[in-house]
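Asks: My structure is in run.txt, and what it holds is compact mmCIF, C-alpha atoms:
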# COMPACT_ATOMS: atom_id res chain seq x y z
CA MET D 1 86.63 -67.25 -2.53
CA LYS D 2 87.70 -65.10 -5.42
CA LEU D 3 86.22 -67.60 -7.80
CA HIS D 4 82.95 -67.55 -5.89
CA PHE D 5 82.79 -63.80 -6.14
CA ALA D 6 83.47 -63.98 -9.83
CA ILE D 7 80.67 -66.49 -10.32
CA LEU D 8 78.33 -64.42 -8.20
CA ALA D 9 79.22 -61.28 -10.12
CA VAL D 10 78.60 -62.95 -13.46
CA ALA D 11 75.37 -64.44 -12.17
CA LEU D 12 74.18 -61.05 -10.90
CA LEU D 13 75.14 -59.34 -14.13
CA ALA D 14 73.37 -62.01 -16.09
CA ALA D 15 70.30 -61.82 -13.87
CA ASN D 16 70.29 -58.05 -14.24
CA ALA D 17 70.53 -58.29 -18.00
CA LEU D 18 67.77 -60.87 -18.10
CA ALA D 19 65.46 -58.96 -15.82
CA GLN D 20 65.50 -56.06 -18.23
CA GLN D 21 64.48 -58.06 -21.28
CA ARG D 22 61.05 -57.03 -22.39
CA ILE D 23 58.78 -57.38 -25.33
CA VAL D 24 57.52 -54.22 -27.04
CA PRO D 25 53.98 -55.31 -27.98
CA GLU D 26 53.16 -52.39 -30.25
CA GLN D 27 56.16 -53.25 -32.45
CA SER D 28 55.47 -56.97 -32.36
CA ASP D 29 53.16 -59.09 -34.41
CA ILE D 30 51.85 -62.64 -34.28
CA SER D 31 49.84 -63.76 -37.27
CA PHE D 32 48.80 -66.95 -39.00
CA THR D 33 47.43 -68.19 -42.30
CA SER D 34 44.98 -71.01 -42.66
CA LYS D 35 43.50 -72.30 -45.89
CA GLN D 36 39.79 -72.75 -46.50
CA LEU D 37 39.07 -74.58 -49.76
CA GLY D 38 42.43 -73.38 -51.02
CA VAL D 39 41.76 -69.79 -49.97
CA PRO D 40 44.48 -68.37 -47.72
CA VAL D 41 42.89 -66.48 -44.84
CA ASP D 42 45.09 -64.34 -42.61
CA GLY D 43 44.50 -63.94 -38.90
CA ARG D 44 46.29 -61.99 -36.21
CA PHE D 45 46.49 -61.91 -32.42
CA ARG D 46 46.35 -58.49 -30.81
CA THR D 47 47.25 -59.46 -27.26
CA PHE D 48 50.27 -61.50 -26.23
CA ASP D 49 53.16 -61.32 -23.82
CA ALA D 50 56.61 -62.83 -23.58
CA GLN D 51 59.08 -63.54 -20.80
CA VAL D 52 62.51 -63.71 -22.27
CA SER D 53 65.89 -64.36 -20.76
CA PHE D 54 68.26 -64.76 -23.61
CA VAL D 55 71.95 -64.15 -23.92
CA PRO D 56 72.88 -64.88 -27.54
CA ASN D 57 76.28 -66.38 -26.75
CA ARG D 58 74.80 -68.63 -24.06
CA PRO D 59 71.81 -70.15 -25.83
CA GLU D 60 71.82 -73.21 -23.57
CA GLU D 61 70.63 -70.99 -20.70
CA ALA D 62 67.97 -69.20 -22.67
CA ARG D 63 64.38 -69.33 -21.57
CA ILE D 64 61.57 -68.03 -23.68
CA ALA D 65 57.93 -68.13 -22.67
CA LEU D 66 55.14 -66.70 -24.77
CA THR D 67 51.46 -66.38 -23.95
CA VAL D 68 48.85 -65.45 -26.53
CA ASP D 69 45.31 -64.38 -25.66
CA LEU D 70 43.22 -66.39 -28.08
CA ALA D 71 40.21 -64.12 -27.63
CA SER D 72 42.24 -61.30 -29.19
CA VAL D 73 42.17 -62.96 -32.62
CA THR D 74 41.20 -60.93 -35.67
CA LEU D 75 40.19 -62.90 -38.75
CA GLY D 76 37.88 -61.96 -41.58
CA THR D 77 34.61 -60.67 -40.27
CA ALA D 78 33.17 -60.23 -36.76
CA GLU D 79 31.12 -63.34 -37.46
CA THR D 80 34.17 -65.54 -38.03
CA GLU D 81 35.76 -64.18 -34.85
CA ALA D 82 32.66 -65.05 -32.84
CA GLU D 83 32.83 -68.54 -34.39
CA LEU D 84 36.49 -68.96 -33.38
CA ALA D 85 35.66 -68.40 -29.71
CA LYS D 86 33.31 -71.40 -29.72
CA PRO D 87 34.18 -74.82 -28.24
CA ASP D 88 34.82 -76.36 -31.69
CA TRP D 89 37.58 -73.82 -32.31
CA PHE D 90 39.65 -72.05 -29.63
CA SER D 91 37.10 -72.53 -26.85
CA THR D 92 38.41 -69.32 -25.36
CA LYS D 93 36.23 -69.41 -22.22
CA GLN D 94 37.80 -72.68 -21.11
CA PHE D 95 41.25 -72.14 -22.67
CA PRO D 96 41.92 -68.41 -22.87
CA GLN D 97 45.61 -68.66 -23.69
CA ALA D 98 48.03 -70.45 -25.94
CA ILE D 99 51.39 -70.94 -24.23
CA PHE D 100 54.83 -71.62 -25.60
CA GLN D 101 57.60 -72.59 -23.22
CA SER D 102 61.09 -73.19 -24.53
CA SER D 103 63.09 -76.21 -23.42
CA SER D 104 66.31 -75.73 -25.35
CA VAL D 105 67.83 -73.25 -27.76
CA LYS D 106 70.42 -74.17 -30.34
CA ALA D 107 72.58 -71.55 -32.06
CA LEU D 108 72.91 -72.07 -35.81
CA GLY D 109 75.16 -69.06 -36.42
CA GLY D 110 74.45 -65.80 -38.19
CA GLY D 111 71.83 -64.77 -35.65
CA ARG D 112 69.77 -67.89 -36.31
CA PHE D 113 68.56 -70.24 -33.62
CA ASP D 114 66.36 -73.28 -33.27
CA VAL D 115 64.11 -72.96 -30.27
CA ALA D 116 62.66 -76.25 -29.11
CA GLY D 117 59.78 -76.18 -26.69
CA LYS D 118 56.25 -77.06 -25.87
CA LEU D 119 53.24 -75.41 -27.41
CA SER D 120 50.05 -75.77 -25.41
CA VAL D 121 46.73 -74.84 -26.92
CA LYS D 122 43.25 -75.88 -25.84
CA GLY D 123 44.49 -78.46 -23.34
CA SER D 124 46.83 -80.22 -25.78
CA SER D 125 50.62 -79.90 -25.83
CA ARG D 126 52.98 -80.62 -28.65
CA ASP D 127 56.75 -80.41 -28.97
CA VAL D 128 57.71 -77.88 -31.61
CA VAL D 129 60.94 -76.50 -32.99
CA VAL D 130 60.69 -72.85 -33.90
CA PRO D 131 63.34 -71.34 -36.15
CA LEU D 132 64.27 -67.89 -34.96
CA THR D 133 66.27 -65.14 -36.63
CA LEU D 134 67.57 -62.25 -34.57
CA SER D 135 68.55 -58.85 -35.83
CA GLN D 136 69.61 -55.94 -33.69
CA SER D 137 69.64 -52.21 -34.15
CA GLY D 138 69.31 -49.23 -31.81
CA GLY D 139 69.01 -51.30 -28.64
CA LYS D 140 66.13 -53.31 -30.10
CA THR D 141 66.27 -56.96 -30.97
CA ILE D 142 63.85 -58.20 -33.56
CA ALA D 143 63.09 -61.90 -33.47
CA THR D 144 61.32 -63.24 -36.52
CA GLY D 145 60.28 -66.69 -37.56
CA ALA D 146 57.59 -68.91 -38.95
CA PHE D 147 56.52 -72.46 -38.36
CA VAL D 148 53.68 -74.75 -39.24
CA ILE D 149 51.33 -76.42 -36.79
CA LYS D 150 48.63 -79.02 -37.39
CA ARG D 151 45.37 -77.56 -36.15
CA LEU D 152 43.91 -81.00 -35.38
CA ASP D 153 46.80 -81.68 -32.93
CA PHE D 154 45.05 -79.08 -30.77
CA ARG D 155 41.45 -79.91 -31.73
CA ILE D 156 41.12 -76.50 -33.37
CA GLY D 157 38.19 -76.93 -35.72
CA ASP D 158 36.52 -79.92 -34.09
CA GLY D 159 33.22 -81.62 -34.88
CA GLU D 160 31.89 -80.79 -38.34
CA TRP D 161 35.04 -78.73 -39.02
CA LYS D 162 37.43 -81.72 -38.77
CA ASP D 163 37.33 -82.17 -42.55
CA THR D 164 40.74 -80.97 -43.73
CA SER D 165 39.52 -80.66 -47.33
CA MET D 166 37.46 -77.71 -46.07
CA VAL D 167 39.95 -76.16 -43.66
CA ALA D 168 43.52 -77.40 -44.16
CA ASN D 169 45.26 -79.07 -41.24
CA ASP D 170 48.43 -77.02 -41.74
CA VAL D 171 48.37 -73.54 -40.26
CA GLN D 172 51.34 -71.30 -40.80
CA VAL D 173 52.24 -69.16 -37.80
CA ARG D 174 54.46 -66.11 -38.23
CA PHE D 175 55.89 -63.85 -35.58
CA ARG D 176 57.93 -60.72 -35.27
CA LEU D 177 58.82 -59.87 -31.70
CA SER D 178 60.52 -56.65 -30.76
CA LEU D 179 62.57 -57.05 -27.59
CA THR D 180 64.56 -54.64 -25.47
CA GLY D 181 67.46 -55.53 -23.24
CA VAL D 182 68.81 -58.50 -25.18
CA PRO D 183 72.65 -58.46 -25.09
CA ALA D 184 74.48 -57.96 -28.38
CA LEU D 185 74.73 -60.92 -30.71
CA MET J 1 25.88 -47.09 -97.50
CA GLN J 2 24.54 -43.63 -96.86
CA SER J 3 21.64 -44.96 -94.85
CA ILE J 4 23.88 -47.20 -92.72
CA LEU J 5 26.11 -44.26 -91.79
CA GLY J 6 23.05 -42.21 -91.00
CA ALA J 7 21.63 -44.93 -88.84
CA SER J 8 24.75 -45.42 -86.76
CA ALA J 9 24.93 -41.70 -86.08
CA GLN J 10 21.40 -41.85 -84.72
CA ASP J 11 22.12 -44.74 -82.39
CA SER J 12 21.59 -43.50 -78.89
CA GLY J 13 23.91 -46.07 -77.34
CA VAL J 14 26.03 -49.10 -78.09
CA LEU J 15 23.27 -51.46 -77.07
CA ALA J 16 20.46 -49.63 -78.85
CA GLU J 17 18.33 -51.71 -81.17
CA PRO J 18 19.28 -50.83 -84.74
CA PRO J 19 16.74 -49.79 -87.35
CA ALA J 20 15.01 -52.68 -89.07
CA TYR J 21 16.57 -52.14 -92.48
CA ILE J 22 20.07 -53.10 -91.35
CA ALA J 23 19.08 -55.49 -88.61
CA ALA J 24 20.21 -59.08 -88.66
CA PRO J 25 17.56 -61.64 -89.55
CA GLY J 26 17.87 -63.13 -86.05
CA TYR J 27 20.08 -63.60 -83.06
CA THR J 28 23.20 -65.66 -83.73
CA GLY J 29 23.40 -69.14 -82.25
CA THR J 30 26.17 -67.92 -79.93
CA ALA J 31 23.98 -65.09 -78.64
CA ILE J 32 21.07 -67.47 -78.03
CA VAL J 33 23.20 -70.05 -76.20
CA LEU J 34 24.82 -67.34 -74.05
CA HIS J 35 21.39 -65.87 -73.27
CA TRP J 36 19.96 -69.12 -71.91
CA LEU J 37 23.15 -70.35 -70.27
CA LEU J 38 23.78 -67.10 -68.42
CA GLY J 39 20.10 -66.49 -67.75
CA LEU J 40 19.79 -69.86 -66.05
CA ALA J 41 23.12 -69.45 -64.20
CA LEU J 42 22.13 -66.01 -62.93
CA VAL J 43 18.76 -67.19 -61.61
CA VAL J 44 20.36 -70.18 -59.87
CA LEU J 45 23.11 -68.01 -58.42
CA LEU J 46 20.67 -65.37 -57.17
CA CYS J 47 18.73 -68.11 -55.38
CA VAL J 48 21.90 -69.67 -53.92
CA GLY J 49 23.03 -66.24 -52.74
CA LEU J 50 19.71 -65.54 -51.11
CA TYR J 51 19.72 -68.95 -49.41
CA MET J 52 23.33 -69.03 -48.21
CA VAL J 53 23.36 -65.68 -46.42
CA GLY J 54 20.75 -66.96 -43.98
CA LEU J 55 22.74 -70.09 -43.02
CA PRO J 56 24.67 -70.33 -39.75
CA LEU J 57 28.44 -70.59 -40.18
CA SER J 58 29.15 -74.21 -41.15
CA PRO J 59 31.24 -76.18 -43.65
CA GLN J 60 28.11 -76.30 -45.82
CA ARG J 61 27.88 -72.51 -45.88
CA LEU J 62 31.60 -72.16 -46.51
CA LYS J 63 31.22 -74.48 -49.52
CA LEU J 64 28.24 -72.58 -50.87
CA TYR J 65 30.03 -69.24 -50.49
CA ASN J 66 33.01 -70.54 -52.42
CA TRP J 67 30.88 -72.12 -55.15
CA HIS J 68 28.94 -68.86 -55.35
CA LYS J 69 32.19 -66.94 -55.84
CA TRP J 70 33.50 -69.39 -58.45
CA ALA J 71 30.22 -69.27 -60.35
CA GLY J 72 30.11 -65.48 -60.05
CA VAL J 73 33.58 -65.12 -61.53
CA THR J 74 32.68 -67.55 -64.34
CA ILE J 75 29.54 -65.53 -65.09
CA LEU J 76 31.61 -62.33 -65.08
CA ALA J 77 34.00 -63.82 -67.66
CA LEU J 78 31.17 -65.16 -69.84
CA SER J 79 29.35 -61.82 -69.56
CA LEU J 80 32.42 -60.07 -70.96
CA VAL J 81 32.37 -62.52 -73.88
CA ARG J 82 28.65 -61.89 -74.26
CA LEU J 83 29.12 -58.12 -74.20
CA ALA J 84 31.87 -58.33 -76.82
CA TRP J 85 29.62 -60.53 -78.95
CA ARG J 86 26.69 -58.14 -78.56
CA LEU J 87 28.84 -55.17 -79.59
CA THR J 88 30.11 -56.93 -82.70
CA HIS J 89 26.91 -58.67 -83.82
CA ARG J 90 23.75 -56.74 -84.60
CA PRO J 91 20.62 -58.14 -82.99
CA PRO J 92 17.41 -58.54 -85.00
CA ALA J 93 14.84 -55.77 -85.05
CA ALA J 94 12.17 -55.79 -82.37
CA PRO J 95 8.70 -56.83 -83.46
CA PRO J 96 6.32 -53.91 -84.03
CA MET J 97 5.48 -52.25 -80.72
CA ALA J 98 4.98 -48.82 -79.19
CA THR J 99 8.05 -46.60 -79.05
CA TRP J 100 7.94 -46.42 -75.24
CA GLN J 101 8.04 -50.20 -75.13
CA GLN J 102 11.08 -50.28 -77.41
CA ARG J 103 12.80 -47.64 -75.30
CA THR J 104 12.00 -49.55 -72.12
CA ALA J 105 13.32 -52.77 -73.61
CA GLN J 106 16.55 -51.05 -74.68
CA ALA J 107 17.02 -49.48 -71.24
CA THR J 108 16.33 -52.81 -69.56
CA HIS J 109 18.87 -54.63 -71.71
CA LEU J 110 21.48 -51.94 -71.13
CA LEU J 111 20.90 -52.03 -67.37
CA LEU J 112 21.11 -55.83 -67.35
CA TYR J 113 24.48 -55.74 -69.10
CA VAL J 114 25.75 -53.20 -66.56
CA LEU J 115 24.56 -55.43 -63.72
CA PHE J 116 26.02 -58.62 -65.28
CA LEU J 117 29.42 -56.99 -64.71
CA ALA J 118 28.74 -54.84 -61.64
CA VAL J 119 27.21 -57.51 -59.40
CA PRO J 120 30.13 -59.99 -59.61
CA LEU J 121 32.73 -57.21 -59.51
CA VAL J 122 31.23 -55.74 -56.34
CA GLY J 123 30.99 -59.25 -54.86
CA TRP J 124 34.66 -59.84 -55.66
CA ALA J 125 35.54 -56.50 -54.04
CA TYR J 126 33.55 -57.44 -50.94
CA SER J 127 35.26 -60.82 -50.67
CA SER J 128 38.69 -59.18 -50.93
CA ALA J 129 37.83 -56.46 -48.42
CA ALA J 130 36.51 -59.04 -45.97
CA GLY J 131 39.91 -60.79 -46.07
CA PHE J 132 38.76 -63.80 -48.09
CA PRO J 133 40.54 -63.66 -51.45
CA ILE J 134 38.89 -65.59 -54.28
CA VAL J 135 40.63 -68.74 -55.46
CA VAL J 136 38.64 -69.93 -58.47
CA PHE J 137 37.82 -73.66 -58.22
CA GLY J 138 40.31 -73.75 -55.32
CA VAL J 139 43.28 -73.45 -57.69
CA LEU J 140 43.33 -70.06 -59.44
CA PRO J 141 43.93 -67.16 -57.04
CA LEU J 142 42.45 -63.87 -58.22
CA PRO J 143 44.13 -60.59 -57.32
CA ASP J 144 42.57 -58.44 -54.61
CA PHE J 145 41.74 -55.10 -56.17
CA VAL J 146 40.48 -53.93 -52.78
CA ALA J 147 42.72 -54.31 -49.71
CA ALA J 148 41.41 -56.23 -46.70
CA ASP J 149 39.66 -53.67 -44.52
CA ARG J 150 36.69 -54.37 -42.33
CA ALA J 151 35.11 -50.91 -42.67
CA VAL J 152 35.40 -51.06 -46.47
CA ALA J 153 33.91 -54.56 -46.46
CA GLU J 154 30.91 -53.40 -44.44
CA ALA J 155 30.43 -50.47 -46.81
CA ILE J 156 30.55 -52.68 -49.91
CA LYS J 157 28.38 -55.54 -48.64
CA PRO J 158 24.95 -53.88 -49.04
CA TRP J 159 25.87 -52.88 -52.60
CA HIS J 160 26.40 -56.46 -53.71
CA ALA J 161 23.07 -57.47 -52.22
CA GLY J 162 21.26 -54.35 -53.48
CA LEU J 163 22.57 -54.65 -57.04
CA ALA J 164 21.80 -58.39 -57.09
CA TRP J 165 18.23 -57.68 -55.94
CA THR J 166 17.93 -55.01 -58.64
CA MET J 167 19.10 -57.52 -61.23
CA GLY J 168 16.63 -60.10 -59.91
CA VAL J 169 13.75 -57.63 -60.21
CA ILE J 170 14.79 -56.64 -63.75
CA ILE J 171 15.10 -60.31 -64.78
CA VAL J 172 11.55 -60.91 -63.54
CA ALA J 173 10.36 -57.84 -65.48
CA HIS J 174 12.26 -59.05 -68.58
CA ILE J 175 10.60 -62.48 -68.38
CA ALA J 176 7.18 -60.94 -67.70
CA ALA J 177 7.51 -58.61 -70.69
CA ALA J 178 8.57 -61.48 -72.97
CA LEU J 179 5.60 -63.58 -71.83
CA LYS J 180 3.25 -60.62 -72.29
CA HIS J 181 4.46 -60.17 -75.88
CA GLN J 182 4.21 -63.88 -76.57
CA PHE J 183 0.81 -64.60 -75.08
CA VAL J 184 -1.02 -61.25 -74.97
CA ASP J 185 0.34 -59.41 -78.00
CA ARG J 186 0.92 -62.74 -79.80
CA ASP J 187 3.93 -61.34 -81.69
CA ASP J 188 5.87 -64.65 -81.39
CA ILE J 189 8.78 -62.89 -79.68
CA LEU J 190 10.08 -66.07 -78.03
CA SER J 191 10.93 -67.66 -81.39
CA ARG J 192 13.77 -65.13 -81.68
CA MET J 193 15.48 -66.78 -78.72
CA SER J 194 14.56 -70.35 -79.60
CA LEU J 195 17.42 -72.79 -79.18
CA GLN J 196 15.94 -75.01 -81.90
CA LYS J 197 16.39 -72.34 -84.52
CA SER J 198 20.12 -72.31 -83.95
Take the structure in this file and express it as structure tokens.
Replies:
Amino acid sequence: MKLHFAILAVALLAANALAQQRIVPEQSDISFTSKQLGVPVDGRFRTFDAQVSFVPNRPEEARIALTVDLASVTLGTAETEAELAKPDWFSTKQFPQAIFQSSSVKALGGGRFDVAGKLSVKGSSRDVVVPLTLSQSGGKTIATGAFVIKRLDFRIGDGEWKDTSMVANDVQVRFRLSLTGVPAL
Amino acid sequence: MQSILGASAQDSGVLAEPPAYIAAPGYTGTAIVLHWLLGLALVVLLCVGLYMVGLPLSPQRLKLYNWHKWAGVTILALSLVRLAWRLTHRPPAAPPMATWQQRTAQATHLLLYVLFLAVPLVGWAYSSAAGFPIVVFGVLPLPDFVAADRAVAEAIKPWHAGLAWTMGVIIVAHIAAALKHQFVDRDDILSRMSLQKS
């Protein structure tokens, strides 16, 4: 009975801690760089949200879900943004969001983690491993990382844009997420 | 010696035509080659620029924009060489003509040199401000001397087009004036720029 109470107490505490974890969007940033004819072009997403339940010393229980509104992209000129919404690119009417859902988190030490999960964009899903570095100060946890995706895995830049000598297949994605309520490392 | 010093003091500007008595017998071969090479490149690039801005966004347009930028940067570099050459090598005297015509020719040449540099520089600034840095021939990244900023890009854009149009109009006037001298005044002005002579 005592043991049960202890488990329940821990579970409740954990649940409480997790429930309070939130992303601070105005201090967070998700951006990417694609290359057009060797020219690096930076883009950024203005609207995204994350559901995080993460206790650093129990990474095996961590769950991280991220949704990004693809229509919130900023890249170059208004004309290029209008182009990105089209079916050949993000097809934002049909697929408004990109979703990342973690499946497992591995601690590498020193505040570094490998987050494995599924990235779903435009109706295609791919398994990805996202390296994550956490730093904490003043109650905030900053999670940063970068990884590379292949745009053609998600049919981003279809049709006449498939040619990777024009727009490179590799797209670097960078993120900096400011979270509150994450227990100390 | 005295007369040379006197003449240089009277020069109204660096690109002013010098008095006949110290003028070179003709344009140097380098000046003539640069004139035709850059003249042709500028006309082609003006036409490409005019054509590409009307295209819908496509890989073809993306290619043309990048080629346009590479060519523009190359023209900028060659124009600097040309300007340095012009400043260090005296051109031949103009054939006999009315003073106002000489003045107009000088002003036209000066304005063209300004535009040779201004048009590509403003284009480069626009490209940077629009968030598309220039990578010459896809391998040589140029620095952005204007930070990426959409409002700045929109403000710069009409200047590139306006200055390019101005240059196009002046080039047409330059060609028309040369043809007028050649075929109406019959002063054989074209022989000065003949590639055969060099």
Asks: Select from chain J every residue with an atom at most 10 Å from any atom of chain D, then for each give the shortest pair of atoms and their distance in Å to one decimal, using all atoms listed in the file, rows by chain and rising number, as a Markdown table.
Replies:
| residue | atom | partner | partner_atom | distance |
| --- | --- | --- | --- | --- |
| J:Pro56 | CA | D:Glu79 | CA | 9.8 |
| J:Leu57 | CA | D:Glu83 | CA | 7.5 |
| J:Ser58 | CA | D:Glu160 | CA | 7.7 |
| J:Pro59 | CA | D:Trp161 | CA | 6.5 |
| J:Gln60 | CA | D:Met166 | CA | 9.5 |
| J:Leu62 | CA | D:Met166 | CA | 8.1 |
| J:Lys63 | CA | D:Met166 | CA | 7.8 |
| J:Asn66 | CA | D:Leu37 | CA | 7.8 |
| J:Ser127 | CA | D:Gly76 | CA | 9.5 |
| J:Ser128 | CA | D:Gly76 | CA | 9.8 |
| J:Ala129 | CA | D:Gly76 | CA | 8.8 |
| J:Ala130 | CA | D:Gly76 | CA | 5.4 |
| J:Gly131 | CA | D:Gly76 | CA | 5.1 |
| J:Phe132 | CA | D:Val41 | CA | 5.9 |
| J:Pro133 | CA | D:Val39 | CA | 6.4 |
| J:Ile134 | CA | D:Val39 | CA | 6.7 |
| J:Val135 | CA | D:Val39 | CA | 5.7 |
| J:Val136 | CA | D:Gly38 | CA | 9.0 |
| J:Phe137 | CA | D:Gly38 | CA | 8.6 |
| J:Gly138 | CA | D:Gly38 | CA | 4.8 |
| J:Val139 | CA | D:Gly38 | CA | 6.7 |
| J:Leu140 | CA | D:Gly38 | CA | 9.1 |
| J:Pro141 | CA | D:Val39 | CA | 7.8 |
| J:Ala148 | CA | D:Gly76 | CA | 8.5 |
| J:Asp149 | CA | D:Gly76 | CA | 9.0 |
| J:Arg150 | CA | D:Thr77 | CA | 6.9 |
| J:Ala153 | CA | D:Thr77 | CA | 8.7 |
| J:Glu154 | CA | D:Thr77 | CA | 9.2 |
Asks: May I have the selected residues written with C-alpha atoms, as a PDB file, in the frame of the given file?
Replies:
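Printed below is again_18.pdb as written:
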ATOM      1  CA  PRO J  56      24.670 -70.330 -39.750  1.00  0.00           C
ATOM      2  CA  LEU J  57      28.440 -70.590 -40.180  1.00  0.00           C
ATOM      3  CA  SER J  58      29.150 -74.210 -41.150  1.00  0.00           C
ATOM      4  CA  PRO J  59      31.240 -76.180 -43.650  1.00  0.00           C
ATOM      5  CA  GLN J  60      28.110 -76.300 -45.820  1.00  0.00           C
ATOM      6  CA  LEU J  62      31.600 -72.160 -46.510  1.00  0.00           C
ATOM      7  CA  LYS J  63      31.220 -74.480 -49.520  1.00  0.00           C
ATOM      8  CA  ASN J  66      33.010 -70.540 -52.420  1.00  0.00           C
ATOM      9  CA  SER J 127      35.260 -60.820 -50.670  1.00  0.00           C
ATOM     10  CA  SER J 128      38.690 -59.180 -50.930  1.00  0.00           C
ATOM     11  CA  ALA J 129      37.830 -56.460 -48.420  1.00  0.00           C
ATOM     12  CA  ALA J 130      36.510 -59.040 -45.970  1.00  0.00           C
ATOM     13  CA  GLY J 131      39.910 -60.790 -46.070  1.00  0.00           C
ATOM     14  CA  PHE J 132      38.760 -63.800 -48.090  1.00  0.00           C
ATOM     15  CA  PRO J 133      40.540 -63.660 -51.450  1.00  0.00           C
ATOM     16  CA  ILE J 134      38.890 -65.590 -54.280  1.00  0.00           C
ATOM     17  CA  VAL J 135      40.630 -68.740 -55.460  1.00  0.00           C
ATOM     18  CA  VAL J 136      38.640 -69.930 -58.470  1.00  0.00           C
ATOM     19  CA  PHE J 137      37.820 -73.660 -58.220  1.00  0.00           C
ATOM     20  CA  GLY J 138      40.310 -73.750 -55.320  1.00  0.00           C
ATOM     21  CA  VAL J 139      43.280 -73.450 -57.690  1.00  0.00           C
ATOM     22  CA  LEU J 140      43.330 -70.060 -59.440  1.00  0.00           C
ATOM     23  CA  PRO J 141      43.930 -67.160 -57.040  1.00  0.00           C
ATOM     24  CA  ALA J 148      41.410 -56.230 -46.700  1.00  0.00           C
ATOM     25  CA  ASP J 149      39.660 -53.670 -44.520  1.00  0.00           C
ATOM     26  CA  ARG J 150      36.690 -54.370 -42.330  1.00  0.00           C
ATOM     27  CA  ALA J 153      33.910 -54.560 -46.460  1.00  0.00           C
ATOM     28  CA  GLU J 154      30.910 -53.400 -44.440  1.00  0.00           C
TER      29      GLU J 154
END
Asks: Got a sec to check which residues sit within 10 Å of (56.3, -74.3, -27.3), counting all atoms listed in the file, and write them as a ChimeraX atom specification?
Replies: /D:64-67,98-103,115-121,125-130
Asks: What separation in Å, quoted to one decimal, exists between atom CA of D:Thr133 and atom CA of D:Arg112?
Replies: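 Spanning atom CA of D:Thr133 to atom CA of D:Arg112 is a straight-line distance of 4.5 Å.
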Asks: When you draw a straight line from atom CA of J:Leu115 to atom CA of J:Ala98, how long is it in Å?
Replies: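 We find that atom CA of J:Leu115 and atom CA of J:Ala98 lie 25.8 Å from each other.
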Asks: In Å, with one decimal, what is the gap from atom CA of D:Gly159 to atom CA of D:Asp88?
Replies: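 Separation of atom CA of D:Gly159 and atom CA of D:Asp88: 6.4 Å.
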Asks: Counting all atoms listed in the file, find the residues whose atoms lie at most 12 Å from (21.0, -68.8, -58.3) (file coordinates) and write them out as a VMD selection string.
Replies: chain J and resid 38 to 52 64 to 65 67 to 69 71 to 72 75 164 to 165 167 to 168
Asks: List the spatial neighbours of D:Gly145 as a short mmCIF file (atom, residue, chain, number, x, y, z; two decimals) with C-alpha atoms, keeping the file's coordinate frame - criterion: any atom at most 9 Å away, only C-alpha atoms, same-chain residues fewer than 5 positions off excluded.
Replies:
data_model
loop_
_atom_site.label_atom_id
_atom_site.label_comp_id
_atom_site.auth_asym_id
_atom_site.auth_seq_id
_atom_site.Cartn_x
_atom_site.Cartn_y
_atom_site.Cartn_z
CA VAL D 130 60.69 -72.85 -33.90
CA PRO D 131 63.34 -71.34 -36.15
CA LEU D 132 64.27 -67.89 -34.96
CA THR D 133 66.27 -65.14 -36.63
CA VAL D 173 52.24 -69.16 -37.80
CA ARG D 174 54.46 -66.11 -38.23
CA PHE D 175 55.89 -63.85 -35.58
CA ARG D 176 57.93 -60.72 -35.27
#
Asks: Only C-alpha atoms, as a tab-separated table (two decimals), in the first residue's frame: that is what I want for stretch 123-144 of chain D.
Replies:
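Dumped to result.tsv:
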chain	number	residue	atom	x	y	z
D	123	GLY	CA	1.35	13.59	-46.35
D	124	SER	CA	4.76	11.92	-46.13
D	125	SER	CA	6.43	10.71	-42.94
D	126	ARG	CA	10.07	10.04	-42.32
D	127	ASP	CA	11.98	8.83	-39.29
D	128	VAL	CA	14.45	11.45	-38.15
D	129	VAL	CA	16.93	11.80	-35.32
D	130	VAL	CA	17.17	15.34	-34.04
D	131	PRO	CA	20.16	16.29	-31.91
D	132	LEU	CA	19.09	18.53	-29.06
D	133	THR	CA	21.12	20.63	-26.65
D	134	LEU	CA	19.50	21.96	-23.51
D	135	SER	CA	20.64	24.90	-21.46
D	136	GLN	CA	18.84	26.32	-18.47
D	137	SER	CA	18.80	29.67	-16.76
D	138	GLY	CA	16.21	31.63	-14.79
D	139	GLY	CA	13.52	28.96	-15.00
D	140	LYS	CA	13.80	28.83	-18.79
D	141	THR	CA	15.08	25.90	-20.76
D	142	ILE	CA	16.47	26.61	-24.18
D	143	ALA	CA	16.50	23.69	-26.57
D	144	THR	CA	18.61	24.20	-29.68
